[in-house]
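Chemist: I'm passing along work.tsv; it holds TSV, C-alpha atoms.
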```tsv
chain	number	residue	atom	x	y	z
G	165	MET	CA	152.60	50.41	29.35
G	166	ARG	CA	150.13	47.83	30.62
G	167	GLN	CA	146.53	49.01	30.87
G	168	GLU	CA	144.61	48.30	34.03
G	169	LEU	CA	140.84	48.05	34.13
G	170	LEU	CA	139.30	51.33	35.23
G	171	SER	CA	136.17	51.46	37.34
G	172	VAL	CA	133.95	54.30	38.49
G	173	THR	CA	134.33	55.63	42.02
G	174	GLU	CA	130.98	57.03	43.16
G	175	LEU	CA	131.18	59.78	45.78
G	176	SER	CA	128.22	61.57	47.36
G	177	GLY	CA	127.15	63.72	50.28
G	178	SER	CA	128.74	66.78	51.83
G	179	ARG	CA	132.10	68.17	50.76
G	180	HIS	CA	133.68	66.41	53.73
G	181	GLU	CA	131.98	63.09	52.97
G	182	ILE	CA	132.99	63.26	49.31
G	183	GLY	CA	136.62	64.05	50.13
G	184	LEU	CA	136.86	61.43	52.87
G	185	ALA	CA	135.54	58.69	50.60
G	186	HIS	CA	137.86	59.81	47.78
G	187	GLY	CA	140.86	59.67	50.09
G	188	ARG	CA	139.99	56.32	51.64
G	189	THR	CA	139.15	54.64	48.33
G	190	HIS	CA	142.28	55.81	46.55
G	191	ALA	CA	144.76	56.17	49.40
G	192	ARG	CA	147.38	53.99	47.72
G	193	LEU	CA	147.06	55.81	44.39
G	194	ILE	CA	147.20	59.20	46.09
G	195	GLN	CA	150.38	58.27	47.91
G	196	ARG	CA	151.87	57.07	44.61
G	197	SER	CA	150.86	60.35	42.97
G	198	LEU	CA	152.75	62.27	45.66
G	199	GLU	CA	155.83	60.20	44.82
G	200	VAL	CA	155.39	60.87	41.09
G	201	TYR	CA	155.17	64.61	41.59
G	202	ASP	CA	158.07	64.67	44.00
G	203	ARG	CA	160.15	63.23	41.15
G	204	LEU	CA	158.57	65.54	38.57
G	205	PHE	CA	159.22	68.69	40.62
G	206	HIS	CA	162.83	67.60	41.04
G	207	ASP	CA	163.23	66.80	37.34
G	208	PHE	CA	161.53	69.94	36.02
G	209	VAL	CA	162.15	72.72	38.52
G	210	GLY	CA	164.84	71.34	40.82
G	211	ILE	CA	162.83	71.26	44.07
G	212	ARG	CA	161.69	68.45	46.35
G	213	TRP	CA	158.25	67.89	47.83
G	214	ALA	CA	158.77	69.88	51.04
G	215	ARG	CA	159.72	72.97	49.07
G	216	ALA	CA	156.77	72.47	46.70
G	217	CYS	CA	154.42	72.44	49.70
G	218	VAL	CA	155.77	75.82	50.77
G	219	GLU	CA	155.22	77.21	47.26
G	220	ALA	CA	151.66	75.87	47.24
G	221	GLU	CA	150.67	77.94	50.29
G	222	ARG	CA	150.06	81.09	48.22
G	223	PHE	CA	147.69	79.18	45.94
G	224	GLY	CA	145.74	78.06	49.00
G	225	ARG	CA	145.04	81.71	49.75
G	226	MET	CA	143.76	82.21	46.19
G	227	ILE	CA	141.43	79.22	46.55
G	228	GLU	CA	140.19	80.64	49.86
G	229	ARG	CA	139.13	83.79	48.00
G	230	GLY	CA	137.70	82.19	44.85
G	231	PHE	CA	136.33	78.72	45.76
G	232	PRO	CA	136.63	78.30	49.56
G	233	GLU	CA	134.21	75.37	49.83
G	234	ILE	CA	136.52	73.08	47.86
G	235	LEU	CA	139.16	73.39	50.61
G	236	GLU	CA	136.94	71.35	52.93
G	237	GLU	CA	136.85	68.56	50.37
G	238	MET	CA	140.61	68.74	49.83
G	239	ASP	CA	141.28	68.54	53.58
G	240	ALA	CA	138.98	65.50	53.79
G	241	ILE	CA	140.83	63.80	50.91
G	242	ALA	CA	144.00	64.18	52.97
G	243	GLU	CA	142.29	62.77	56.06
G	244	GLY	CA	140.99	59.77	54.16
G	245	ALA	CA	144.33	59.05	52.47
G	246	GLY	CA	146.37	59.49	55.63
G	247	VAL	CA	148.45	62.38	54.29
G	248	GLU	CA	148.78	66.03	55.22
G	249	PRO	CA	146.38	68.72	53.90
G	250	ALA	CA	149.43	70.47	52.45
G	251	ASP	CA	150.13	67.37	50.35
G	252	ILE	CA	146.69	67.48	48.71
G	253	LEU	CA	146.89	71.24	48.19
G	254	THR	CA	150.28	70.82	46.51
G	255	LEU	CA	149.02	67.96	44.35
G	256	ASN	CA	146.15	70.13	43.11
G	257	CYS	CA	148.55	72.97	42.34
G	258	ARG	CA	151.07	70.79	40.52
G	259	SER	CA	150.60	72.65	37.20
G	260	GLU	CA	151.42	76.00	38.78
G	261	ILE	CA	154.49	74.66	40.59
G	262	SER	CA	155.95	72.98	37.48
G	263	LEU	CA	154.61	75.41	34.88
G	264	THR	CA	157.99	76.71	33.71
G	265	ARG	CA	159.08	73.36	32.28
G	266	ALA	CA	156.27	70.81	32.22
G	267	SER	CA	153.72	70.62	29.43
G	268	GLY	CA	152.00	67.52	28.18
G	269	GLY	CA	151.07	66.76	24.60
G	270	CYS	CA	147.29	66.74	24.86
G	271	SER	CA	145.13	67.09	21.72
G	272	ALA	CA	141.50	68.17	22.17
G	273	PHE	CA	138.51	69.00	20.01
G	274	ALA	CA	134.83	69.89	20.12
G	275	LEU	CA	132.51	68.80	17.34
G	276	ALA	CA	128.83	69.57	16.75
G	277	ARG	CA	127.43	67.09	14.27
G	278	GLY	CA	123.94	65.78	13.50
G	279	GLY	CA	122.36	67.39	16.54
G	280	THR	CA	124.99	65.99	18.91
G	281	GLN	CA	127.69	67.95	20.74
G	282	TRP	CA	130.91	66.01	21.22
G	283	LEU	CA	134.04	66.74	23.26
G	284	ALA	CA	137.14	64.56	23.00
G	285	GLN	CA	140.80	64.52	23.87
G	286	ASN	CA	143.89	62.49	24.63
G	287	TRP	CA	145.63	63.22	27.91
G	288	ASP	CA	149.40	62.87	27.48
G	289	TRP	CA	151.62	62.90	30.52
G	290	ARG	CA	154.42	61.05	32.26
G	291	THR	CA	154.15	57.28	32.09
G	292	ASP	CA	154.46	56.89	35.86
G	293	GLN	CA	150.99	58.44	36.32
G	294	LEU	CA	149.23	55.83	34.15
G	295	HIS	CA	148.01	53.68	37.01
G	296	ASN	CA	147.03	56.66	39.17
G	297	VAL	CA	144.21	57.65	36.80
G	298	VAL	CA	140.74	57.56	38.40
G	299	VAL	CA	137.18	58.12	37.21
G	300	LEU	CA	135.08	59.95	39.79
G	301	LYS	CA	131.28	60.27	39.70
G	302	ILE	CA	130.44	62.94	42.25
G	303	SER	CA	126.96	63.77	43.53
G	304	GLY	CA	127.27	66.74	45.85
G	305	GLN	CA	124.64	68.49	47.91
G	306	ASP	CA	125.05	71.89	46.24
G	307	HIS	CA	125.65	71.03	42.58
G	308	ALA	CA	124.49	68.63	39.88
G	309	PRO	CA	126.20	65.23	39.51
G	310	LEU	CA	129.47	65.30	37.59
G	311	ILE	CA	132.10	62.98	36.16
G	312	SER	CA	135.82	63.75	36.31
G	313	VAL	CA	138.57	61.70	34.69
G	314	GLY	CA	141.90	62.62	36.22
G	315	GLU	CA	144.50	61.84	38.85
G	316	ALA	CA	143.90	60.37	42.28
G	317	GLY	CA	143.80	63.05	44.96
G	318	MET	CA	142.94	65.86	42.58
G	319	VAL	CA	139.53	67.53	42.71
G	320	ALA	CA	138.96	67.47	38.93
G	321	LYS	CA	140.38	67.36	35.45
G	322	ILE	CA	138.46	66.42	32.29
G	323	GLY	CA	134.76	65.68	32.39
G	324	MET	CA	131.11	66.69	32.22
G	325	ASN	CA	128.08	67.28	34.42
G	326	ALA	CA	124.39	66.43	34.38
G	327	HIS	CA	123.55	69.84	32.90
G	328	GLY	CA	125.48	68.79	29.79
G	329	ILE	CA	128.48	71.06	30.47
G	330	GLY	CA	131.83	69.49	29.50
G	331	VAL	CA	135.45	70.58	29.67
G	332	CYS	CA	138.76	69.42	28.21
G	333	LEU	CA	142.25	70.62	29.14
G	334	ASN	CA	145.42	71.45	27.22
G	335	ALA	CA	148.57	72.26	29.18
G	336	ILE	CA	150.51	75.40	28.24
G	337	ARG	CA	154.16	75.80	29.20
G	338	SER	CA	154.70	79.36	30.40
G	339	GLN	CA	156.41	81.34	33.15
G	340	THR	CA	153.30	83.48	33.70
G	341	CYS	CA	151.62	83.09	37.07
G	342	GLY	CA	149.39	85.61	38.79
G	343	GLU	CA	146.17	85.79	40.76
G	344	GLY	CA	143.25	83.43	40.23
G	345	LEU	CA	142.26	79.82	40.77
G	346	PRO	CA	144.77	77.02	40.15
G	347	ILE	CA	143.99	75.15	36.94
G	348	HIS	CA	142.55	71.96	38.44
G	349	VAL	CA	140.49	73.82	41.03
G	350	ALA	CA	139.07	76.00	38.25
G	351	LEU	CA	138.17	72.86	36.30
G	352	ARG	CA	136.16	71.59	39.28
G	353	LYS	CA	134.32	74.90	39.56
G	354	ILE	CA	133.49	74.66	35.84
G	355	LEU	CA	132.15	71.13	36.33
G	356	GLU	CA	129.86	72.43	39.07
G	357	SER	CA	128.46	75.15	36.78
G	358	PRO	CA	124.75	75.01	35.87
G	359	ASP	CA	125.21	76.45	32.37
G	360	LEU	CA	127.85	77.49	29.86
G	361	GLU	CA	127.68	81.15	30.87
G	362	SER	CA	128.59	80.26	34.46
G	363	ALA	CA	131.36	77.95	33.27
G	364	VAL	CA	132.89	80.68	31.09
G	365	ALA	CA	132.68	83.08	34.04
G	366	VAL	CA	135.18	80.95	35.95
G	367	ALA	CA	137.77	82.08	33.38
G	368	THR	CA	136.52	85.63	32.83
G	369	ARG	CA	135.49	86.59	36.37
G	370	ASP	CA	137.35	84.31	38.81
G	371	ARG	CA	140.35	84.00	36.44
G	372	VAL	CA	142.95	81.25	36.37
G	373	CYS	CA	146.35	81.98	37.83
G	374	SER	CA	148.48	80.24	35.17
G	375	PRO	CA	147.98	79.64	31.43
G	376	ALA	CA	146.12	76.63	30.05
G	377	HIS	CA	143.45	75.97	27.46
G	378	PHE	CA	139.96	75.02	28.60
G	379	LEU	CA	137.69	73.67	25.87
G	380	LEU	CA	134.09	74.14	26.99
G	381	ALA	CA	130.89	72.90	25.39
G	382	ASP	CA	127.29	72.21	26.32
G	383	ALA	CA	124.46	69.92	25.30
G	384	LYS	CA	122.83	72.74	23.33
G	385	GLY	CA	125.59	72.62	20.72
G	386	GLN	CA	127.67	75.56	21.93
G	387	ALA	CA	131.47	75.30	22.20
G	388	VAL	CA	134.26	77.75	22.96
G	389	GLY	CA	137.98	77.50	23.58
G	390	LEU	CA	139.38	79.66	26.38
G	391	GLU	CA	143.12	80.25	26.64
G	392	VAL	CA	142.99	81.06	30.32
G	393	GLN	CA	145.53	83.12	32.26
G	394	PRO	CA	145.48	85.75	35.05
G	395	GLY	CA	144.11	88.33	32.58
G	396	GLU	CA	141.24	88.17	30.13
G	397	PRO	CA	141.30	84.78	28.39
G	398	GLY	CA	141.85	84.41	24.68
G	399	ARG	CA	138.69	83.13	23.04
G	400	LEU	CA	138.30	80.64	20.17
G	401	GLU	CA	134.86	80.38	18.61
G	402	ALA	CA	133.61	77.28	16.85
G	403	GLU	CA	133.98	77.23	13.06
G	404	GLY	CA	131.65	74.82	11.32
G	405	GLY	CA	130.89	73.30	14.69
G	406	VAL	CA	134.57	72.58	15.38
G	407	VAL	CA	137.10	73.88	17.92
G	408	THR	CA	140.59	72.32	18.13
G	409	HIS	CA	143.57	72.89	20.39
G	410	THR	CA	146.94	71.41	21.35
G	411	ASN	CA	149.65	72.98	23.53
G	412	HIS	CA	150.40	76.45	22.25
G	413	LEU	CA	148.63	79.80	22.49
G	414	TYR	CA	147.22	81.66	19.56
G	415	ALA	CA	144.15	83.62	20.74
G	416	ALA	CA	146.12	84.94	23.75
G	417	ALA	CA	149.55	84.94	22.10
G	418	ASN	CA	149.87	88.73	22.38
G	419	GLN	CA	149.07	88.68	26.10
G	420	VAL	CA	151.13	85.78	27.40
G	421	GLU	CA	154.45	84.25	26.38
G	422	ASP	CA	154.48	80.49	26.05
G	423	PHE	CA	157.17	77.94	25.21
G	424	PRO	CA	155.51	75.12	23.25
G	425	ARG	CA	157.34	71.99	22.23
G	426	PRO	CA	157.91	71.55	18.48
G	427	ASP	CA	155.15	68.96	18.02
G	428	SER	CA	152.25	71.16	19.15
G	429	ARG	CA	151.58	72.98	15.87
G	430	PRO	CA	151.91	69.89	13.64
G	431	ARG	CA	149.48	68.00	15.89
G	432	LEU	CA	147.00	70.86	15.65
G	433	ALA	CA	147.28	70.91	11.85
G	434	ARG	CA	146.72	67.15	11.76
G	435	LEU	CA	143.72	67.40	14.06
G	436	ASP	CA	142.18	70.09	11.84
G	437	ALA	CA	142.82	68.02	8.72
G	438	LEU	CA	141.21	64.93	10.22
G	439	LEU	CA	138.15	66.78	11.41
G	440	HIS	CA	137.58	68.58	8.13
G	441	THR	CA	138.39	65.76	5.72
G	442	PHE	CA	137.96	62.39	7.42
G	443	LEU	CA	134.73	63.35	9.15
G	444	ALA	CA	133.39	65.19	6.10
G	445	ALA	CA	133.41	61.89	4.24
G	446	GLN	CA	131.62	60.04	7.03
G	447	GLY	CA	127.91	59.54	7.43
G	448	GLU	CA	126.71	59.08	10.97
G	449	ILE	CA	129.36	59.85	13.58
G	450	GLY	CA	129.75	57.93	16.82
G	451	ALA	CA	132.30	57.58	19.59
G	452	SER	CA	134.26	54.93	17.67
G	453	GLU	CA	134.97	57.34	14.79
G	454	LEU	CA	136.20	59.96	17.23
G	455	PHE	CA	138.45	57.44	18.95
G	456	GLU	CA	139.94	56.74	15.50
G	457	ILE	CA	141.05	60.38	15.42
G	458	LEU	CA	142.52	60.07	18.91
G	459	SER	CA	144.35	56.93	17.71
G	460	ASP	CA	146.06	58.71	14.80
G	461	HIS	CA	149.83	58.14	14.46
G	462	HIS	CA	150.70	60.62	11.71
G	463	GLY	CA	154.07	62.21	12.56
G	464	GLU	CA	154.87	59.61	15.19
G	465	PRO	CA	156.36	59.42	17.76
G	466	LEU	CA	155.07	62.97	18.41
G	467	SER	CA	151.60	62.21	17.09
G	468	ILE	CA	148.04	62.67	18.38
G	469	CYS	CA	148.24	59.16	19.85
G	470	ARG	CA	151.57	59.36	21.57
G	471	HIS	CA	153.86	56.39	22.18
G	472	PHE	CA	157.22	55.87	23.86
G	473	ASN	CA	159.94	58.04	22.31
G	474	PRO	CA	163.48	57.00	23.32
G	475	ALA	CA	164.94	60.05	21.56
G	476	GLN	CA	163.56	62.33	24.28
G	477	PRO	CA	165.27	62.83	27.65
G	478	GLU	CA	163.82	60.39	30.15
G	479	GLU	CA	162.22	63.09	32.31
G	480	GLU	CA	160.39	64.57	29.29
G	481	ARG	CA	158.94	61.39	27.79
G	482	MET	CA	155.19	61.93	27.53
G	483	GLU	CA	152.77	59.21	26.42
G	484	THR	CA	149.02	59.05	25.99
G	485	LEU	CA	147.59	57.87	29.32
G	486	PHE	CA	143.92	57.99	28.35
G	487	GLY	CA	141.58	59.07	25.61
G	488	VAL	CA	138.10	60.35	26.38
G	489	VAL	CA	135.05	60.98	24.19
G	490	MET	CA	132.00	62.77	25.62
G	491	ASN	CA	128.53	62.92	24.09
G	492	LEU	CA	127.18	65.93	25.97
G	493	THR	CA	123.77	65.70	24.35
G	494	GLU	CA	123.19	62.23	25.82
G	495	ARG	CA	125.41	62.77	28.93
G	496	ARG	CA	127.62	59.82	27.98
G	497	LEU	CA	131.38	59.66	28.59
G	498	ILE	CA	133.69	56.89	27.37
G	499	VAL	CA	137.30	56.67	28.52
G	500	ARG	CA	139.96	54.35	27.14
G	501	HIS	CA	142.75	53.85	29.65
G	502	GLY	CA	146.20	53.93	28.09
G	503	LYS	CA	146.57	54.55	24.37
G	504	PRO	CA	143.21	54.59	22.57
G	505	CYS	CA	144.71	52.62	19.68
G	506	GLU	CA	145.52	49.71	22.01
G	507	ASN	CA	142.45	49.59	24.22
G	508	GLN	CA	139.11	49.05	22.51
G	509	ASN	CA	137.29	48.30	25.78
G	510	GLY	CA	136.37	51.75	26.98
G	511	LEU	CA	134.64	52.47	30.27
G	512	LEU	CA	131.19	54.02	29.72
G	513	VAL	CA	129.82	56.42	32.35
G	514	THR	CA	126.44	58.14	32.08
G	515	LEU	CA	124.59	60.85	33.96
```
I'd like the structure from this file rewritten - as structure tokens, please.
Modeler:
Amino acid sequence: MRQELLSVTELSGSRHEIGLAHGRTHARLIQRSLEVYDRLFHDFVGIRWARACVEAERFGRMIERGFPEILEEMDAIAEGAGVEPADILTLNCRSEISLTRASGGCSAFALARGGTQWLAQNWDWRTDQLHNVVVLKISGQDHAPLISVGEAGMVAKIGMNAHGIGVCLNAIRSQTCGEGLPIHVALRKILESPDLESAVAVATRDRVCSPAHFLLADAKGQAVGLEVQPGEPGRLEAEGGVVTHTNHLYAAANQVEDFPRPDSRPRLARLDALLHTFLAAQGEIGASELFEILSDHHGEPLSICRHFNPAQPEEERMETLFGVVMNLTERRLIVRHGKPCENQNGLLVTL
């Protein structure tokens, strides 16, 4: 995969103004994302885009109940990109539509060290989404500025806000789907939260309609893992300032059935080992040391830093599309586009 230089897209104003600028700026990438997910839905669940749009309608009703104001922004993204509102709704509900088969290989961790709260992860997904990654810096009228690193046309994914609230995401493959906010809409609501309590309430009060893991932390040094689902989320407390997660459930394993791929548990064990041995031997920790963890190839090709694996079926080949390290204490986010082991020139964004 060839890395392209990422830049920050700054969006501000009303929900409509933010969405319109998002759509206009990234119209080409949004249209490519629709093509990617048309193929993905066909590969994973045997449906084409038109059918996926029909399935997404029920999630639109859930958003109307739980976060109605984001629908205005989503409609404006569609207007700016020259696509239908149903296309943007479906794009933002892609996890729910493909949840029975699709799960990436993301590895995430929180680390409190030396008075600094860190969040970091690799986002592993299909190679054809590599060049549709965008970095959005959003300054809305009714919430603090936020940064989201994700996919063009989607309202949020991984990021942080000016209050020092950050969130990472691990996909969970499961057939469970109920009432609540779609995963990526819930992530945006978390990124608009003024404090950690409000962010956690998105999972405990609003609920999330399909399983995932949200790793939350704040600038005060608090971190918690939430295995979200339509019921009460499983909760993972920090141990020694550390929370780790990959792509299987363990706090909520008795509540929800999941179907993890074989590499999820070995990656988690490796992540734990690195955080408790490699970092224990280090002095001062910075972003570069954390990117070393995200660049780890132990157990390759199904490693923390994930490369092309020809042994997998073509439709299931997941690779690391970006690595991100957040210093919540200083409101600094660095993203390396592509594999973190191959790209030393990260994009720095501050709030």
Chemist: State, in Å with one decimal place, the distance from atom CA of Asn507 of chain G to atom CA of His461 of chain G.
Modeler: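 The value is 14.9 Å.
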Chemist: Point out the residue among G:Gly405, G:Ser262, G:Trp287, G:Val298 with the least atom-to-atom distance to Asp207 of chain G, counting only C-alpha atoms.
Modeler: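 For Asp207 of chain G, the nearest of the given residues is G:Ser262.
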Chemist: Closest to Gly447 of chain G among G:Arg429, G:Glu260, G:Arg277, G:Ala365, using all atoms listed in the file?
Modeler: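 Comparing G:Arg429, G:Glu260, G:Arg277, G:Ala365 against Gly447 of chain G, the winner is G:Arg277.
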Chemist: Looking at only C-alpha atoms, which of G:Glu361, G:Glu174, G:Asp382, G:Glu356 is the one that sits closest to His186 of chain G?
Modeler: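 Smallest separation from His186 of chain G among the options: G:Glu174.
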Chemist: Using only C-alpha atoms, which of the listed residues (G:Ala383, G:Pro394, G:Gly278, G:Arg192) sits closest to Arg369 of chain G?
Modeler: G:Pro394
Chemist: By how many Å are atom CA of Arg222 of chain G and atom CA of Phe423 of chain G apart?
Modeler: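 Separation of atom CA of Arg222 of chain G and atom CA of Phe423 of chain G: 24.3 Å.
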Chemist: Because some atoms of segment 408-418 of chain G are absent here, can you restore all heavy atoms and send them as a PDB file, in the frame of the given file?
Modeler:
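New file out.pdb:
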```pdb
ATOM      1  N   THR G 408     139.450  73.221  17.885  1.00  0.00           N
ATOM      2  CA  THR G 408     140.590  72.320  18.130  1.00  0.00           C
ATOM      3  C   THR G 408     141.665  73.042  18.927  1.00  0.00           C
ATOM      4  O   THR G 408     141.772  74.270  18.869  1.00  0.00           O
ATOM      5  CB  THR G 408     141.195  71.817  16.820  1.00  0.00           C
ATOM      6  OG1 THR G 408     141.613  72.943  16.031  1.00  0.00           O
ATOM      7  CG2 THR G 408     140.192  71.001  16.017  1.00  0.00           C
ATOM      8  N   HIS G 409     142.465  72.269  19.652  1.00  0.00           N
ATOM      9  CA  HIS G 409     143.570  72.890  20.390  1.00  0.00           C
ATOM     10  C   HIS G 409     144.597  71.830  20.768  1.00  0.00           C
ATOM     11  O   HIS G 409     144.251  70.666  20.998  1.00  0.00           O
ATOM     12  CB  HIS G 409     143.083  73.580  21.658  1.00  0.00           C
ATOM     13  CG  HIS G 409     143.910  74.778  22.042  1.00  0.00           C
ATOM     14  ND1 HIS G 409     145.136  74.678  22.667  1.00  0.00           N
ATOM     15  CD2 HIS G 409     143.701  76.099  21.856  1.00  0.00           C
ATOM     16  CE1 HIS G 409     145.620  75.894  22.871  1.00  0.00           C
ATOM     17  NE2 HIS G 409     144.776  76.779  22.381  1.00  0.00           N
ATOM     18  N   THR G 410     145.863  72.260  20.827  1.00  0.00           N
ATOM     19  CA  THR G 410     146.940  71.410  21.350  1.00  0.00           C
ATOM     20  C   THR G 410     147.641  72.180  22.471  1.00  0.00           C
ATOM     21  O   THR G 410     146.972  72.537  23.445  1.00  0.00           O
ATOM     22  CB  THR G 410     147.888  70.956  20.220  1.00  0.00           C
ATOM     23  OG1 THR G 410     148.308  72.103  19.445  1.00  0.00           O
ATOM     24  CG2 THR G 410     147.186  69.954  19.303  1.00  0.00           C
ATOM     25  N   ASN G 411     148.925  72.446  22.366  1.00  0.00           N
ATOM     26  CA  ASN G 411     149.650  72.980  23.530  1.00  0.00           C
ATOM     27  C   ASN G 411     150.407  74.268  23.270  1.00  0.00           C
ATOM     28  O   ASN G 411     151.489  74.483  23.821  1.00  0.00           O
ATOM     29  CB  ASN G 411     150.599  71.905  24.073  1.00  0.00           C
ATOM     30  CG  ASN G 411     149.872  70.635  24.425  1.00  0.00           C
ATOM     31  OD1 ASN G 411     149.846  69.692  23.635  1.00  0.00           O
ATOM     32  ND2 ASN G 411     149.230  70.606  25.575  1.00  0.00           N
ATOM     33  N   HIS G 412     149.838  75.125  22.428  1.00  0.00           N
ATOM     34  CA  HIS G 412     150.400  76.450  22.250  1.00  0.00           C
ATOM     35  C   HIS G 412     149.274  77.478  22.201  1.00  0.00           C
ATOM     36  O   HIS G 412     148.113  77.133  21.930  1.00  0.00           O
ATOM     37  CB  HIS G 412     151.248  76.538  20.974  1.00  0.00           C
ATOM     38  CG  HIS G 412     150.470  76.283  19.711  1.00  0.00           C
ATOM     39  ND1 HIS G 412     150.181  75.014  19.258  1.00  0.00           N
ATOM     40  CD2 HIS G 412     149.913  77.134  18.803  1.00  0.00           C
ATOM     41  CE1 HIS G 412     149.491  75.088  18.129  1.00  0.00           C
ATOM     42  NE2 HIS G 412     149.298  76.367  17.831  1.00  0.00           N
ATOM     43  N   LEU G 413     149.606  78.717  22.492  1.00  0.00           N
ATOM     44  CA  LEU G 413     148.630  79.800  22.490  1.00  0.00           C
ATOM     45  C   LEU G 413     148.530  80.422  21.116  1.00  0.00           C
ATOM     46  O   LEU G 413     149.533  80.573  20.421  1.00  0.00           O
ATOM     47  CB  LEU G 413     149.037  80.874  23.491  1.00  0.00           C
ATOM     48  CG  LEU G 413     149.105  80.455  24.974  1.00  0.00           C
ATOM     49  CD1 LEU G 413     149.700  81.588  25.802  1.00  0.00           C
ATOM     50  CD2 LEU G 413     147.734  80.058  25.501  1.00  0.00           C
ATOM     51  N   TYR G 414     147.327  80.790  20.720  1.00  0.00           N
ATOM     52  CA  TYR G 414     147.220  81.660  19.560  1.00  0.00           C
ATOM     53  C   TYR G 414     146.197  82.766  19.763  1.00  0.00           C
ATOM     54  O   TYR G 414     146.419  83.891  19.351  1.00  0.00           O
ATOM     55  CB  TYR G 414     147.013  80.906  18.250  1.00  0.00           C
ATOM     56  CG  TYR G 414     146.002  79.811  18.191  1.00  0.00           C
ATOM     57  CD1 TYR G 414     144.796  79.998  17.543  1.00  0.00           C
ATOM     58  CD2 TYR G 414     146.275  78.549  18.721  1.00  0.00           C
ATOM     59  CE1 TYR G 414     143.877  78.971  17.434  1.00  0.00           C
ATOM     60  CE2 TYR G 414     145.360  77.519  18.612  1.00  0.00           C
ATOM     61  CZ  TYR G 414     144.157  77.734  17.972  1.00  0.00           C
ATOM     62  OH  TYR G 414     143.239  76.717  17.868  1.00  0.00           O
ATOM     63  N   ALA G 415     145.095  82.541  20.453  1.00  0.00           N
ATOM     64  CA  ALA G 415     144.150  83.620  20.740  1.00  0.00           C
ATOM     65  C   ALA G 415     144.725  84.599  21.767  1.00  0.00           C
ATOM     66  O   ALA G 415     144.426  85.785  21.738  1.00  0.00           O
ATOM     67  CB  ALA G 415     142.823  83.058  21.221  1.00  0.00           C
ATOM     68  N   ALA G 416     145.538  84.097  22.695  1.00  0.00           N
ATOM     69  CA  ALA G 416     146.120  84.940  23.750  1.00  0.00           C
ATOM     70  C   ALA G 416     147.618  85.141  23.552  1.00  0.00           C
ATOM     71  O   ALA G 416     148.320  85.535  24.481  1.00  0.00           O
ATOM     72  CB  ALA G 416     145.859  84.311  25.119  1.00  0.00           C
ATOM     73  N   ALA G 417     148.101  84.904  22.343  1.00  0.00           N
ATOM     74  CA  ALA G 417     149.550  84.940  22.100  1.00  0.00           C
ATOM     75  C   ALA G 417     150.152  86.329  22.335  1.00  0.00           C
ATOM     76  O   ALA G 417     151.334  86.445  22.661  1.00  0.00           O
ATOM     77  CB  ALA G 417     149.853  84.470  20.688  1.00  0.00           C
ATOM     78  N   ASN G 418     149.355  87.376  22.167  1.00  0.00           N
ATOM     79  CA  ASN G 418     149.870  88.730  22.380  1.00  0.00           C
ATOM     80  C   ASN G 418     149.844  89.147  23.842  1.00  0.00           C
ATOM     81  O   ASN G 418     150.401  90.181  24.202  1.00  0.00           O
ATOM     82  CB  ASN G 418     149.067  89.732  21.543  1.00  0.00           C
ATOM     83  CG  ASN G 418     149.253  89.538  20.057  1.00  0.00           C
ATOM     84  OD1 ASN G 418     150.315  89.125  19.607  1.00  0.00           O
ATOM     85  ND2 ASN G 418     148.220  89.824  19.282  1.00  0.00           N
TER      86      ASN G 418
END
```
